[in-house]
Structures are given as structure tokens and as C-alpha cells.
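*Asks:* The following block contains the structure, expressed as C-alpha cells.
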Amino acid sequence: MARGYQPSIPLTTNSLFGPYVLTKTFNKNAQQNLKMIILTEKGEKLTDVNFGCGLKRFLFESKSSFNKDAIKSEILFQIGTHASYIGVDDILIDAKENMVAIQINYTILPTKTSVEDLFEVTS
């Protein structure tokens, strides 16, 4: 039986792992968990309707009312609630037409690994 943390996203199969290829390291698992937190809309996870940053709601704000601090606050709250093993070093936000690009520099605390990930939220 294959060992790992959780099914790797996107879901894939192979002859070694069977139904789902699993994340094999704590770091990959943490990166995948962060991606799910950032890209999940509120209410999308049926077992926890408050899970996720719900960032699509920011896509249609006017440039004058676009609130980067609200986005940062939501990201920090969600990470603190659902992934406290991730320490956020910096969050950079770039708003473009129909897209918000979010770069998060963070440390996976148990392994002391620094990571920089870019997430793009589109309509």
C-alpha cells in the first residue's frame, strides 16, 4: 500500500499508487494545503463553510475601493486557522482586470523551509 499525506491535486492515478497519487513530503503537503486555502471560495467545502479565502469577491471591486489590506487579513486569518504550521513572511498583491495575483512568501515551520508561491485568482 502506498504511503503519503493526502491525494495530490490534480487527482491522478498510476500503477504504483493506485486510485490516487499521494503527496509524499510534509513540504508538498503544506504547499498543497495553502493552495487549497487561497483558492477555495467560502461555502465550497461542505464540511466547513467558513474554509477558504473567498477571493473572487474582490475581482469586481473598482480600483478606488480595492482593499489589499482586507485580502491580506483574510489570508492571514485562514492560514492561522487552518495551517498554523505556516509562517507568513510577506504577501504581495497585484490587481489587474479580472485577475488578482497574490505572491506569498512563507516558511513551513516544522521543516524551516522558505517558499515563494504565486496564486492567480480569476473570474
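Labeling convention for the C-alpha cells: chains A, B, ... as they appear, residues from 1 per chain, ligands from 1 in order of appearance.
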Can you list, as a PyMOL selection string, every protein, DNA or RNA residue that comes within 8 Å of region 75-81 of chain A when you count only C-alpha atoms, leaving out same-chain residues fewer than 4 positions away?
*Replies:* chain A and resi 34+37-38+51-53+71+86+88
*Asks:* What does the structure give for the distance between CA of Asp94 (chain A) and CA of Thr122 (chain A), in Å to one decimal?
*Replies:*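 Separation of CA of Asp94 (chain A) and CA of Thr122 (chain A): 12.3 Å.
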*Asks:* Using only C-alpha atoms, which residues sit within 10 Å of region 105-110 of chain A once same-chain residues fewer than 2 positions away are excluded, as a ChimeraX atom specification?
*Replies:* /A:26-27,30-31,83-92,102-103,112-118
*Asks:* Please provide as a ChimeraX atom specification all residues within 6 Å of Pro7 (chain A), with the sequence filter that same-chain residues fewer than 3 positions apart are discarded (counting only C-alpha atoms).
*Replies:* /A:20-22
*Asks:* Put those residues in a file: N, CA and C atoms, as an mmCIF file, in the first residue's frame.
*Replies:*
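out13.cif, freshly written:
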data_model
loop_
_atom_site.group_PDB
_atom_site.id
_atom_site.type_symbol
_atom_site.label_atom_id
_atom_site.label_comp_id
_atom_site.auth_asym_id
_atom_site.auth_seq_id
_atom_site.Cartn_x
_atom_site.Cartn_y
_atom_site.Cartn_z
ATOM 1 N N TYR A 20 -5.194 7.072 -6.201
ATOM 2 C CA TYR A 20 -4.727 8.455 -6.177
ATOM 3 C C TYR A 20 -3.247 8.513 -5.841
ATOM 4 N N VAL A 21 -2.524 9.365 -6.564
ATOM 5 C CA VAL A 21 -1.134 9.651 -6.219
ATOM 6 C C VAL A 21 -1.179 10.539 -4.979
ATOM 7 N N LEU A 22 -0.348 10.254 -3.990
ATOM 8 C CA LEU A 22 -0.354 10.994 -2.736
ATOM 9 C C LEU A 22 0.798 11.985 -2.664
#
*Asks:* Would you work out the distance separating CA of Ala101 (chain A) from CA of Val49 (chain A), expressed in Å to one decimal?
*Replies:* 23.9 Å
